[in-house]
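Student: Supplied in structure tokens, the structure appears directly below.
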Amino acid sequence: MKIYTSKAHECHNPPFEIFTSQEHVAYDEAPRRVESILAALGKTGWAEISEPRDFGLEPILAVHSAAHLNYLRTAYEDWRSVSPVEGMAFIPYKHSVDRETALKGDITEPDGFFMTDMTVPIAPGTFTAACASAQVALSAAQAIQNGEPSVYALCRPPGHHAGREVCGGYCFLNNAAIAAQWLSQYGKIAILDIDYHAGNGTQAIFYERADVYVTSLHADPARKYPRFAGYAHETGAGPGAGYHKNYPLPAGMDDAAYLCILEEALDLVAKYDPAYLVVSTGMDIYAGDPLGDFAITRQGIHRIGQAIARLRLPTMLIQEGGYQVDELGNNVVALLSGCLGN
Ligand code: SP5
Ligand code: ZN
């Protein structure tokens with residue numbers, strides 16, 4: 001299997017994150033996540049690992065606004081120019097609700113306008129790492145467009161919580177959306193999001209489009225991040241009405257229950273008849289993930305891969321979350337080997 005990854009992910013290494021009523025917690029979305037995945041892939045006989053091609057900024061700007069990209073590029077330096085602290089990352093606490101009004105104003109200060117929450121610290125290398133992560137996704141997209149049956153994009157930072165003009169939930173640029181948007185010039189696209197968290201960024205980006213079908217299995221947002229999207233009644237709007245499908249799930253989902261719902265989701269993907277499938281693969285569905293509460297086993301993850309492969313669609317799998325780092329690599333290998341029919 002062709003696999004893309006970039007060492008530039010290491011440039012994004014925030015020293016800590018902040019949660020409600022907690023300060024300075026170790027940053028879960030850390031570089032060692034990629035090390036775990038590469039170590040496990042290295043032990044297989046089938047992983048062909050390459051550096052991404054550079055597609056430039058144009059395909060990123062097809063999803064994100066120029067203002068958003070410019071913010072990511074300049075926010076750290078802007079903040080440093082007014083902050084004397086060394087070795088920190090920029091974590092603004094003011095976030096915009098009324099975007100229309102705010103955009104008409106003059107956003108000259110580095111602040112939280114382009115963020116939904118405080119889990120997206122901007123470190124010195126965040127822009128570099130986020131752009132490289134998007135190039136990894138685009139390289140995988142091009143590989144399936146060139147006829148590869150299944151390709152894995154080892155993206156870091158992840159992307160599915162990033163909207164057109166907002167970072168959030170460890171995500172800065174929406175890698176899956178950038179890949180799907182690029183692929184959509186060649187046919188209809190389906191995105192299947194199996195990360196534990198609802199992919200609110202991906203949902204928002206394609207919500208009014210019929211040429212990109214998005215379906216997602218995730219923890220019920222009524223009890224888990226991102227809280228404000230991912231509900232069952234959200235099914236698309238305008239020309240996209242009927243082209244979005246959410247499966248909010250309770251705690252404790254086991255292999256049998258999960259695979260049953262996945263089969264329904266995959267049947268709907270098959271009915272949509274896409275030219276390409278993009279899978280946002282979060283391994284935080286794994287039992288024992290520090291951020292999740294599902295009970296999916298390694299074997300269950302393998303069976304998810306097999307179920308995806310039964311669609312027989314050109315498929316790219318994009319890494320999203322997964323924070324049980326010791327098991328992360330083995331879980332990714334279980335998923336991908338299932339996709340390969342191993
Ligand atoms: C891509 C992805 O999986 N993003 C996840 C974002 C989840 N953000 C909220 C996490 C709340 C965690 N609560 C405390 C954990 C302390 N280690
Ligand atoms: Zn997640």
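Labels used: A, B, ... for chains in the order of the structure tokens, numbers from 1 for residues in each chain, and numbers from 1 for ligands as shown.
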Counting only C-alpha atoms and all ligand atoms, what residues are within 7 Å of ligand 1, given as an NGL selection string?
Tutor: :A and (19 or 25-26 or 28 or 119 or 158-161 or 169-171 or 195-197 or 225 or 282 or 284 or 290-291 or 320-322)
Student: For A:Gly56, work out the shell of residues within 10 Å, counting only C-alpha atoms and skipping chain neighbours fewer than 3 positions away, then give it as a PyMOL selection string.
Tutor: chain A and resi 53+59-61+131-132+134-135
Student: Counting only C-alpha atoms, which residues of stretch 183-268 of chain A fall within 9 Å of stretch 296-312 of chain A, and what is the closest atom pair for each with its distance in Å at one decimal, ordered by chain and rising number, as a tab-separated table?
Tutor:
residue	atom	partner	partner_atom	distance
A:Gly252	CA	A:Ile296	CA	8.4
A:Met253	CA	A:Ile296	CA	6.8
A:Asp254	CA	A:Ile296	CA	5.1
A:Asp255	CA	A:Gly300	CA	5.1
A:Ala256	CA	A:Gly300	CA	8.0
A:Tyr258	CA	A:Ile296	CA	7.9
A:Leu259	CA	A:Ile304	CA	6.8
A:Leu262	CA	A:Ile304	CA	7.8
A:Glu263	CA	A:Ala307	CA	7.3
A:Leu266	CA	A:Ile308	CA	7.4
A:Asp267	CA	A:Leu311	CA	8.6
Student: I'd like to know which of A:Ile261, A:Pro121, A:Ser50, A:Thr116 is closest to A:His24, using only C-alpha atoms.
Tutor: A:Pro121
Student: Might you pull out every residue within 8 Å of A:Lys245, with only C-alpha atoms counted and same-chain residues fewer than 3 positions away left off, and present them as a PyMOL selection string?
Tutor: chain A and resi 214-216+232+234-236+242
Student: Set the distance at 9 Å and use only C-alpha atoms: which residues neighbour A:Ala140 once local chain neighbours fewer than 3 positions away are removed? I'd like the list as a list in words.
Tutor: Lys2, Ile3, Tyr4, Pro52, Gln135, Val136, Ala137, Ala143, Ile144, Gln145, Ser150, Val151, Tyr152, Ala153, Ala179, Met316, Leu317 and Ile318 of chain A
Student: In terms of the shortest atom-to-atom distance over only C-alpha atoms, which of A:Pro157, A:Pro149, A:Gly45, A:Pro314 is closest to A:Asp273?
Tutor: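 So, comparing all the options, the nearest one is A:Pro314.
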Student: Mind pulling up the distance from atom CA of A:Ala287 to atom CA of A:Leu173?
Tutor: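 Those two atoms sit 27.5 Å apart.
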Student: Apply DSSP to the backbone of this structure and, from stretch 31-271 of chain A, keep only the residues in strand (DSSP E or B); write these as a VMD selection string.
Tutor: chain A and resid 48 to 50 90 95 112 115 122 150 to 153 163 166 to 168 171 189 to 193 212 to 219 244 to 249 254
Student: Between A:Ala295, A:Met283, A:Ala222, A:Ile37, which has the minimum distance to ligand 2 (counting only C-alpha atoms and all ligand atoms)?
Tutor: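 Looking at the shortest contact to ligand 2, the residue is A:Met283.
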Student: Given the choices A:Cys260, A:Ala198, A:Leu217, A:Ala204, which gets closest to ligand 2 if the distance is worked out from only C-alpha atoms and all ligand atoms?
Tutor: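 Of all the options, A:Ala198 lies closest to ligand 2.
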Student: Write out as a PyMOL selection string which residues come within 8 Å of A:Tyr272 when counting only C-alpha atoms, dropping same-chain ones fewer than 4 positions away.
Tutor: chain A and resi 190+213+268
Student: Output the selection as an mmCIF file, in the first residue's frame - C-alpha atoms for each residue.
Tutor:
data_model
loop_
_atom_site.group_PDB
_atom_site.id
_atom_site.type_symbol
_atom_site.label_atom_id
_atom_site.label_comp_id
_atom_site.auth_asym_id
_atom_site.auth_seq_id
_atom_site.Cartn_x
_atom_site.Cartn_y
_atom_site.Cartn_z
ATOM 1 C CA ALA A 190 -18.069 10.091 -0.506
ATOM 2 C CA TYR A 213 -21.668 12.925 0.298
ATOM 3 C CA LEU A 268 -25.801 4.320 1.684
#
Student: When distances are computed from only C-alpha atoms, which of A:Met1, A:Ala8, A:Gln22, A:Gly199 shows the smallest separation from A:Thr44?
Tutor: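 Among A:Met1, A:Ala8, A:Gln22, A:Gly199, it is A:Met1 that comes nearest to A:Thr44.
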Student: With DSSP run on the backbone, what are the alpha helix (DSSP H) residues within stretch 238-324 of chain A? I'd like them as a VMD selection string.
Tutor: chain A and resid 255 to 272 298 to 309
Student: With N, CA, C and O atoms retained, could you export that selection as a CSV table (one decimal), in the first residue's frame?
Tutor:
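Produced file out33.csv, reproduced below:
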chain,number,residue,atom,x,y,z
A,255,ASP,N,-17.8,-4.0,19.1
A,255,ASP,CA,-17.6,-4.3,17.7
A,255,ASP,C,-18.9,-4.6,17.0
A,255,ASP,O,-19.1,-4.1,15.9
A,256,ALA,N,-19.7,-5.5,17.6
A,256,ALA,CA,-20.9,-5.9,16.9
A,256,ALA,C,-21.8,-4.8,16.6
A,256,ALA,O,-22.3,-4.6,15.5
A,257,ALA,N,-22.1,-3.9,17.6
A,257,ALA,CA,-23.0,-2.8,17.5
A,257,ALA,C,-22.5,-1.8,16.5
A,257,ALA,O,-23.2,-1.3,15.6
A,258,TYR,N,-21.2,-1.5,16.5
A,258,TYR,CA,-20.6,-0.6,15.6
A,258,TYR,C,-20.6,-1.1,14.2
A,258,TYR,O,-21.0,-0.3,13.3
A,259,LEU,N,-20.2,-2.3,14.0
A,259,LEU,CA,-20.1,-2.8,12.6
A,259,LEU,C,-21.5,-2.9,12.0
A,259,LEU,O,-21.6,-2.7,10.8
A,260,CYS,N,-22.5,-3.1,12.8
A,260,CYS,CA,-23.9,-3.1,12.3
A,260,CYS,C,-24.3,-1.8,11.7
A,260,CYS,O,-24.8,-1.7,10.6
A,261,ILE,N,-24.0,-0.7,12.4
A,261,ILE,CA,-24.3,0.6,12.0
A,261,ILE,C,-23.4,1.0,10.8
A,261,ILE,O,-23.8,1.6,9.8
A,262,LEU,N,-22.1,0.6,10.9
A,262,LEU,CA,-21.2,0.9,9.7
A,262,LEU,C,-21.7,0.3,8.4
A,262,LEU,O,-21.7,0.9,7.4
A,263,GLU,N,-22.3,-1.0,8.5
A,263,GLU,CA,-22.8,-1.6,7.3
A,263,GLU,C,-23.9,-0.8,6.7
A,263,GLU,O,-24.0,-0.6,5.5
A,264,GLU,N,-24.8,-0.2,7.6
A,264,GLU,CA,-25.8,0.7,7.0
A,264,GLU,C,-25.2,1.9,6.4
A,264,GLU,O,-25.6,2.3,5.3
A,265,ALA,N,-24.2,2.5,7.0
A,265,ALA,CA,-23.6,3.7,6.4
A,265,ALA,C,-22.9,3.4,5.1
A,265,ALA,O,-23.0,4.1,4.1
A,266,LEU,N,-22.3,2.2,5.0
A,266,LEU,CA,-21.6,1.8,3.8
A,266,LEU,C,-22.6,1.5,2.7
A,266,LEU,O,-22.4,1.7,1.5
A,267,ASP,N,-23.8,0.9,3.0
A,267,ASP,CA,-24.8,0.7,2.0
A,267,ASP,C,-25.3,2.0,1.4
A,267,ASP,O,-25.5,2.1,0.2
A,268,LEU,N,-25.4,3.0,2.2
A,268,LEU,CA,-25.8,4.3,1.7
A,268,LEU,C,-24.7,4.9,0.8
A,268,LEU,O,-25.0,5.6,-0.2
A,269,VAL,N,-23.5,4.7,1.2
A,269,VAL,CA,-22.3,5.2,0.4
A,269,VAL,C,-22.4,4.5,-1.0
A,269,VAL,O,-22.3,5.1,-2.1
A,270,ALA,N,-22.6,3.1,-1.0
A,270,ALA,CA,-22.7,2.4,-2.2
A,270,ALA,C,-23.9,2.9,-3.1
A,270,ALA,O,-23.7,3.0,-4.3
A,271,LYS,N,-25.0,3.2,-2.5
A,271,LYS,CA,-26.2,3.7,-3.2
A,271,LYS,C,-25.8,5.1,-3.9
A,271,LYS,O,-26.3,5.4,-5.0
A,272,TYR,N,-25.0,5.9,-3.2
A,272,TYR,CA,-24.6,7.2,-3.7
A,272,TYR,C,-23.7,7.0,-5.0
A,272,TYR,O,-23.7,7.9,-5.9
A,298,ARG,N,-9.1,-4.3,18.6
A,298,ARG,CA,-8.2,-4.4,17.5
A,298,ARG,C,-8.8,-5.2,16.3
A,298,ARG,O,-8.8,-4.8,15.2
A,299,GLN,N,-9.4,-6.3,16.7
A,299,GLN,CA,-10.1,-7.2,15.8
A,299,GLN,C,-11.3,-6.4,15.1
A,299,GLN,O,-11.5,-6.5,13.9
A,300,GLY,N,-12.0,-5.6,15.9
A,300,GLY,CA,-13.1,-4.8,15.4
A,300,GLY,C,-12.6,-3.8,14.4
A,300,GLY,O,-13.2,-3.6,13.3
A,301,ILE,N,-11.5,-3.2,14.7
A,301,ILE,CA,-10.9,-2.2,13.7
A,301,ILE,C,-10.5,-2.9,12.4
A,301,ILE,O,-10.7,-2.4,11.3
A,302,HIS,N,-9.9,-4.1,12.5
A,302,HIS,CA,-9.6,-4.9,11.3
A,302,HIS,C,-10.8,-5.2,10.5
A,302,HIS,O,-10.8,-5.0,9.3
A,303,ARG,N,-11.9,-5.5,11.2
A,303,ARG,CA,-13.2,-5.8,10.5
A,303,ARG,C,-13.8,-4.5,9.8
A,303,ARG,O,-14.4,-4.6,8.8
A,304,ILE,N,-13.5,-3.3,10.4
A,304,ILE,CA,-13.9,-2.1,9.8
A,304,ILE,C,-13.2,-1.9,8.5
A,304,ILE,O,-13.8,-1.6,7.5
A,305,GLY,N,-11.9,-2.2,8.5
A,305,GLY,CA,-11.1,-2.1,7.2
A,305,GLY,C,-11.7,-3.1,6.2
A,305,GLY,O,-11.8,-2.7,5.0
A,306,GLN,N,-12.0,-4.3,6.6
A,306,GLN,CA,-12.6,-5.3,5.6
A,306,GLN,C,-13.9,-4.8,5.1
A,306,GLN,O,-14.2,-5.0,3.9
A,307,ALA,N,-14.7,-4.2,5.9
A,307,ALA,CA,-16.1,-3.7,5.5
A,307,ALA,C,-15.9,-2.6,4.5
A,307,ALA,O,-16.6,-2.6,3.5
A,308,ILE,N,-14.9,-1.7,4.7
A,308,ILE,CA,-14.7,-0.6,3.8
A,308,ILE,C,-14.2,-1.2,2.4
A,308,ILE,O,-14.6,-0.7,1.4
A,309,ALA,N,-13.3,-2.2,2.5
A,309,ALA,CA,-12.8,-2.8,1.3
A,309,ALA,C,-13.9,-3.4,0.4
A,309,ALA,O,-13.8,-3.5,-0.8
Student: Taking only C-alpha atoms and all ligand atoms into account, name the residue in A:Gln319, A:Ser96, A:Thr74, A:Asn331 that is nearest to ligand 2.
Tutor: A:Gln319
Student: Pick out the residues sitting within 12 Å of A:Ile205, and hand them over as a PDB file with N, CA and C atoms, in the first residue's frame; count only C-alpha atoms, and ignore anything fewer than 6 positions along from it in its own chain.
Tutor:
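Dumped to result-v5.pdb:
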ATOM      1  N   ALA A  62      -8.944  26.313  -2.062  1.00  0.00           N
ATOM      2  CA  ALA A  62     -10.243  25.891  -2.593  1.00  0.00           C
ATOM      3  C   ALA A  62     -11.193  25.480  -1.460  1.00  0.00           C
ATOM      4  N   VAL A  63     -10.642  25.327  -0.249  1.00  0.00           N
ATOM      5  CA  VAL A  63     -11.454  24.938   0.918  1.00  0.00           C
ATOM      6  C   VAL A  63     -11.446  26.025   1.993  1.00  0.00           C
ATOM      7  N   HIS A  64     -10.256  26.606   2.247  1.00  0.00           N
ATOM      8  CA  HIS A  64     -10.110  27.584   3.323  1.00  0.00           C
ATOM      9  C   HIS A  64      -9.980  28.997   2.763  1.00  0.00           C
ATOM     10  N   SER A  65     -10.401  29.986   3.553  1.00  0.00           N
ATOM     11  CA  SER A  65     -10.285  31.366   3.084  1.00  0.00           C
ATOM     12  C   SER A  65      -8.834  31.832   3.164  1.00  0.00           C
ATOM     13  N   GLY A 159      -7.424  16.944  10.720  1.00  0.00           N
ATOM     14  CA  GLY A 159      -8.132  18.017  10.029  1.00  0.00           C
ATOM     15  C   GLY A 159      -9.639  18.126  10.189  1.00  0.00           C
ATOM     16  N   HIS A 160     -10.331  17.073  10.610  1.00  0.00           N
ATOM     17  CA  HIS A 160     -11.786  17.072  10.389  1.00  0.00           C
ATOM     18  C   HIS A 160     -12.595  18.057  11.239  1.00  0.00           C
ATOM     19  N   HIS A 161     -11.984  18.660  12.255  1.00  0.00           N
ATOM     20  CA  HIS A 161     -12.698  19.710  13.013  1.00  0.00           C
ATOM     21  C   HIS A 161     -12.464  21.106  12.432  1.00  0.00           C
ATOM     22  N   ALA A 162     -11.588  21.228  11.449  1.00  0.00           N
ATOM     23  CA  ALA A 162     -11.311  22.547  10.862  1.00  0.00           C
ATOM     24  C   ALA A 162     -12.356  22.873   9.799  1.00  0.00           C
ATOM     25  N   GLY A 163     -12.986  24.027   9.944  1.00  0.00           N
ATOM     26  CA  GLY A 163     -13.935  24.506   8.944  1.00  0.00           C
ATOM     27  C   GLY A 163     -13.243  25.420   7.952  1.00  0.00           C
ATOM     28  N   ARG A 164     -14.041  26.022   7.057  1.00  0.00           N
ATOM     29  CA  ARG A 164     -13.464  26.898   6.040  1.00  0.00           C
ATOM     30  C   ARG A 164     -12.600  27.990   6.653  1.00  0.00           C
ATOM     31  N   GLU A 165     -13.040  28.501   7.784  1.00  0.00           N
ATOM     32  CA  GLU A 165     -12.352  29.641   8.376  1.00  0.00           C
ATOM     33  C   GLU A 165     -12.128  29.495   9.883  1.00  0.00           C
ATOM     34  N   VAL A 166     -12.092  28.255  10.347  1.00  0.00           N
ATOM     35  CA  VAL A 166     -11.844  28.010  11.775  1.00  0.00           C
ATOM     36  C   VAL A 166     -11.008  26.763  12.030  1.00  0.00           C
ATOM     37  N   LEU A 173      -6.084  22.760   9.289  1.00  0.00           N
ATOM     38  CA  LEU A 173      -6.557  22.709   7.900  1.00  0.00           C
ATOM     39  C   LEU A 173      -7.264  21.370   7.729  1.00  0.00           C
ATOM     40  N   ASN A 174      -8.374  21.362   7.008  1.00  0.00           N
ATOM     41  CA  ASN A 174      -9.164  20.135   6.887  1.00  0.00           C
ATOM     42  C   ASN A 174      -8.615  19.266   5.746  1.00  0.00           C
ATOM     43  N   ASN A 175      -7.701  18.379   6.097  1.00  0.00           N
ATOM     44  CA  ASN A 175      -7.012  17.553   5.099  1.00  0.00           C
ATOM     45  C   ASN A 175      -7.989  16.722   4.262  1.00  0.00           C
ATOM     46  N   ALA A 176      -8.978  16.129   4.916  1.00  0.00           N
ATOM     47  CA  ALA A 176      -9.953  15.289   4.188  1.00  0.00           C
ATOM     48  C   ALA A 176     -10.758  16.140   3.210  1.00  0.00           C
ATOM     49  N   ALA A 177     -11.148  17.331   3.643  1.00  0.00           N
ATOM     50  CA  ALA A 177     -11.924  18.210   2.767  1.00  0.00           C
ATOM     51  C   ALA A 177     -11.071  18.700   1.591  1.00  0.00           C
ATOM     52  N   ILE A 178      -9.812  18.997   1.858  1.00  0.00           N
ATOM     53  CA  ILE A 178      -8.907  19.461   0.794  1.00  0.00           C
ATOM     54  C   ILE A 178      -8.716  18.351  -0.243  1.00  0.00           C
ATOM     55  N   ALA A 180     -10.811  15.772  -0.750  1.00  0.00           N
ATOM     56  CA  ALA A 180     -12.110  15.509  -1.399  1.00  0.00           C
ATOM     57  C   ALA A 180     -12.443  16.596  -2.419  1.00  0.00           C
ATOM     58  N   GLN A 181     -12.148  17.845  -2.053  1.00  0.00           N
ATOM     59  CA  GLN A 181     -12.395  18.957  -2.983  1.00  0.00           C
ATOM     60  C   GLN A 181     -11.556  18.782  -4.251  1.00  0.00           C
ATOM     61  N   ILE A 191     -17.327  10.849   1.669  1.00  0.00           N
ATOM     62  CA  ILE A 191     -16.436  10.902   2.828  1.00  0.00           C
ATOM     63  C   ILE A 191     -17.098  10.100   3.944  1.00  0.00           C
ATOM     64  N   GLY A 199     -17.083  14.989  12.833  1.00  0.00           N
ATOM     65  CA  GLY A 199     -16.245  15.838  11.982  1.00  0.00           C
ATOM     66  C   GLY A 199     -16.990  17.103  11.604  1.00  0.00           C
ATOM     67  N   VAL A 212     -20.528  15.926  -2.970  1.00  0.00           N
ATOM     68  CA  VAL A 212     -19.696  15.309  -1.936  1.00  0.00           C
ATOM     69  C   VAL A 212     -20.634  14.833  -0.824  1.00  0.00           C
ATOM     70  N   TYR A 213     -20.805  13.519  -0.728  1.00  0.00           N
ATOM     71  CA  TYR A 213     -21.668  12.925   0.298  1.00  0.00           C
ATOM     72  C   TYR A 213     -20.830  12.670   1.541  1.00  0.00           C
ATOM     73  N   VAL A 214     -21.305  13.125   2.700  1.00  0.00           N
ATOM     74  CA  VAL A 214     -20.545  12.949   3.942  1.00  0.00           C
ATOM     75  C   VAL A 214     -21.363  12.132   4.933  1.00  0.00           C
ATOM     76  N   GLY A 236     -27.958  17.925   5.732  1.00  0.00           N
ATOM     77  CA  GLY A 236     -27.613  18.714   4.545  1.00  0.00           C
ATOM     78  C   GLY A 236     -28.634  19.809   4.312  1.00  0.00           C
ATOM     79  N   ALA A 237     -28.267  20.786   3.459  1.00  0.00           N
ATOM     80  CA  ALA A 237     -29.169  21.923   3.202  1.00  0.00           C
ATOM     81  C   ALA A 237     -29.031  22.370   1.754  1.00  0.00           C
ATOM     82  N   GLY A 240     -27.523  20.484  -1.113  1.00  0.00           N
ATOM     83  CA  GLY A 240     -26.938  19.356  -0.379  1.00  0.00           C
ATOM     84  C   GLY A 240     -27.935  18.630   0.515  1.00  0.00           C
ATOM     85  N   HIS A 244     -26.007  14.489   3.643  1.00  0.00           N
ATOM     86  CA  HIS A 244     -25.203  14.392   4.867  1.00  0.00           C
ATOM     87  C   HIS A 244     -25.911  13.424   5.807  1.00  0.00           C
TER      88      HIS A 244
END
Student: Interatomic distance between atom CA of A:Tyr71 and atom CA of A:Phe113?
Tutor: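 For atom CA of A:Tyr71 relative to atom CA of A:Phe113, the distance reads 9.3 Å.
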